[in-house]
Amino acid sequence: MDANALFKISYGLFVLSANDGKKDNACIINTLQQVSSDPLMVTVAVNKSNYTHDIIDKTGLFTASVISEAANFELFKRFGFQSGKSVDKFENFPHYLRAVNKTLAVTEGTCAYISAEVVKKLDLGSHTLFAAKVEEAKILSDTPPATYAYYHANIKPKAETKKETGKTIWRCKICGYEYEGEDLPDDFVCPICKHGKIDFEKV
Ligand code: FE
């Protein structure tokens, strides 16, 4: 089996936010789909290790903001590459509005938002699939939505391969971080995006 075949699937990118009653939190996902039109429903699959997962599991409410081609890498670092368990991801970040269901829509680097209420959930192992009824939706900008392929080609930092050193480089496929050394340890975790060895390629 070639698991790289799954990288050929086209995905959108979204900031998924929820509110635990005291704090707003959000993470980046590529797993939102519209799945029905009447009633209007979407699904999101959320990794169980994300704090946002636990909040949605408890409250059943979320807003997904559709990331656009105007997004910068800072947006991904803020919402994707740190944990809401230890930081307030909305600290010093004024670009949001509060949707009717009290969760936050991100208004910069995004082109629309969708607020929804969970009606069903399915345990899928690493992720939980939440099926949710759309309660509110709004277009924020005419900038096209960013695909995951667009993120890799245009948003994540360009590789600055250090050829001169003659040393082997392992590059993180998620964020572009480069590790210098012949062997990448099995338990290596990317210091920027926290993905493991499986997401590194030798260059
Ligand atoms: Fe990384």
# chains A, B, ... in the order shown; residues from 1 in each chain; ligands from 1
>>> select_by_dssp(residues="chain A", states="strand (DSSP E or B)", output="JSON, numbers by chain")
{"A": [12, 14, 15, 16, 17, 18, 19, 24, 25, 26, 27, 28, 29, 32, 33, 34, 35, 36, 37, 40, 41, 42, 43, 44, 45, 46, 47, 61, 62, 63, 64, 65, 66, 67, 68, 96, 97, 98, 104, 105, 106, 110, 111, 112, 113, 114, 115, 116, 117, 118, 119, 120, 121, 122, 123, 127, 128, 129, 130, 131, 132, 133, 134, 135, 136, 137, 138, 139, 145, 147, 169, 170, 171, 172, 178, 179, 180, 189, 196, 200, 201, 202]}
>>> closest_atom_pairs(of="chain A", to="ligand 1", cutoff="9 Å", atoms="only C-alpha atoms and all ligand atoms", output="Markdown table")
| residue | atom | partner | partner_atom_place_in_ligand_line | distance |
| --- | --- | --- | --- | --- |
| A:Phe81 | CA | ligand 1 | 1 (Fe) | 8.3 |
| A:Arg171 | CA | ligand 1 | 1 (Fe) | 8.0 |
| A:Cys172 | CA | ligand 1 | 1 (Fe) | 4.7 |
| A:Lys173 | CA | ligand 1 | 1 (Fe) | 6.7 |
| A:Ile174 | CA | ligand 1 | 1 (Fe) | 5.0 |
| A:Cys175 | CA | ligand 1 | 1 (Fe) | 4.1 |
| A:Gly176 | CA | ligand 1 | 1 (Fe) | 5.9 |
| A:Tyr177 | CA | ligand 1 | 1 (Fe) | 5.3 |
| A:Glu178 | CA | ligand 1 | 1 (Fe) | 8.4 |
| A:Val189 | CA | ligand 1 | 1 (Fe) | 8.0 |
| A:Cys190 | CA | ligand 1 | 1 (Fe) | 4.7 |
| A:Pro191 | CA | ligand 1 | 1 (Fe) | 6.7 |
| A:Ile192 | CA | ligand 1 | 1 (Fe) | 5.1 |
| A:Cys193 | CA | ligand 1 | 1 (Fe) | 4.1 |
| A:Lys194 | CA | ligand 1 | 1 (Fe) | 6.0 |
| A:His195 | CA | ligand 1 | 1 (Fe) | 5.7 |
| A:Gly196 | CA | ligand 1 | 1 (Fe) | 8.1 |
| A:Asp199 | CA | ligand 1 | 1 (Fe) | 7.8 |
| A:Phe200 | CA | ligand 1 | 1 (Fe) | 8.0 |
>>> write_last_selection(atoms="C-alpha atoms", output="PDB file, in the first residue's frame")
ATOM      1  CA  PHE A  81       0.977  24.340  15.717  1.00  0.00           C
ATOM      2  CA  ARG A 171      12.164  18.163   5.714  1.00  0.00           C
ATOM      3  CA  CYS A 172       8.797  18.296   7.456  1.00  0.00           C
ATOM      4  CA  LYS A 173       6.103  17.870   4.801  1.00  0.00           C
ATOM      5  CA  ILE A 174       3.600  19.759   6.938  1.00  0.00           C
ATOM      6  CA  CYS A 175       5.442  22.975   7.773  1.00  0.00           C
ATOM      7  CA  GLY A 176       8.764  22.880   5.905  1.00  0.00           C
ATOM      8  CA  TYR A 177      11.037  22.649   8.994  1.00  0.00           C
ATOM      9  CA  GLU A 178      14.433  21.164   8.152  1.00  0.00           C
ATOM     10  CA  VAL A 189       8.715  15.536  16.813  1.00  0.00           C
ATOM     11  CA  CYS A 190       8.748  18.634  14.597  1.00  0.00           C
ATOM     12  CA  PRO A 191       9.468  21.643  16.849  1.00  0.00           C
ATOM     13  CA  ILE A 192       7.177  23.870  14.768  1.00  0.00           C
ATOM     14  CA  CYS A 193       4.103  21.794  13.897  1.00  0.00           C
ATOM     15  CA  LYS A 194       4.522  18.821  16.313  1.00  0.00           C
ATOM     16  CA  HIS A 195       4.145  16.189  13.597  1.00  0.00           C
ATOM     17  CA  GLY A 196       6.219  13.014  13.891  1.00  0.00           C
ATOM     18  CA  ASP A 199       5.657  13.358   8.061  1.00  0.00           C
ATOM     19  CA  PHE A 200       9.337  13.986   7.253  1.00  0.00           C
TER      20      PHE A 200
END
>>> closest_atom_pairs(of="segment 116-171 of chain A", to="segment 24-33 of chain A", cutoff="10 Å", atoms="only C-alpha atoms", output="tab-separated table")
residue	atom	partner	partner_atom	distance
A:Leu129	CA	A:Thr31	CA	9.2
A:Phe130	CA	A:Leu32	CA	9.7
A:Ala131	CA	A:Gln33	CA	9.6
A:Thr147	CA	A:Asn30	CA	8.6
A:Tyr148	CA	A:Asn30	CA	7.3
>>> write_last_selection(atoms="N, CA, C and O atoms", output="PDB file, in the first residue's frame")
ATOM      1  N   LEU A 129     -15.907  11.795  14.252  1.00  0.00           N
ATOM      2  CA  LEU A 129     -16.646  12.471  13.189  1.00  0.00           C
ATOM      3  C   LEU A 129     -17.910  13.086  13.799  1.00  0.00           C
ATOM      4  O   LEU A 129     -18.727  12.381  14.392  1.00  0.00           O
ATOM      5  N   PHE A 130     -18.024  14.403  13.672  1.00  0.00           N
ATOM      6  CA  PHE A 130     -19.209  15.106  14.154  1.00  0.00           C
ATOM      7  C   PHE A 130     -20.063  15.491  12.951  1.00  0.00           C
ATOM      8  O   PHE A 130     -19.579  16.183  12.043  1.00  0.00           O
ATOM      9  N   ALA A 131     -21.316  15.066  12.935  1.00  0.00           N
ATOM     10  CA  ALA A 131     -22.258  15.520  11.906  1.00  0.00           C
ATOM     11  C   ALA A 131     -23.079  16.637  12.531  1.00  0.00           C
ATOM     12  O   ALA A 131     -23.601  16.485  13.645  1.00  0.00           O
ATOM     13  N   THR A 147      -6.782  25.450  -0.839  1.00  0.00           N
ATOM     14  CA  THR A 147      -6.752  23.996  -0.704  1.00  0.00           C
ATOM     15  C   THR A 147      -5.487  23.611   0.077  1.00  0.00           C
ATOM     16  O   THR A 147      -4.573  24.426   0.246  1.00  0.00           O
ATOM     17  N   TYR A 148      -5.434  22.363   0.508  1.00  0.00           N
ATOM     18  CA  TYR A 148      -4.250  21.869   1.211  1.00  0.00           C
ATOM     19  C   TYR A 148      -3.041  21.918   0.264  1.00  0.00           C
ATOM     20  O   TYR A 148      -1.928  22.256   0.678  1.00  0.00           O
TER      21      TYR A 148
END
>>> closest_atom_pairs(of="segment 118-183 of chain A", to="segment 58-73 of chain A", cutoff="6 Å", atoms="only C-alpha atoms", output="Markdown table")
| residue | atom | partner | partner_atom | distance |
| --- | --- | --- | --- | --- |
| A:Val118 | CA | A:Gly60 | CA | 4.8 |
| A:Pro144 | CA | A:Ser68 | CA | 5.6 |
| A:Pro145 | CA | A:Ser68 | CA | 4.0 |
| A:Ala146 | CA | A:Ser68 | CA | 4.6 |
| A:Ile155 | CA | A:Phe73 | CA | 5.8 |
| A:Lys156 | CA | A:Phe73 | CA | 5.8 |
>>> atom_distance(atom1="atom CA of Lys22 of chain A", atom2="atom CA of Asp57 of chain A")
15.8 Å
>>> residues_around(residues="segment 135-142 of chain A", least_positions_apart="3", cutoff="8 Å", atoms="only C-alpha atoms", output="JSON, numbers by chain")
{"A": [99, 100, 107, 110, 111, 112, 113, 114, 115, 116, 117]}
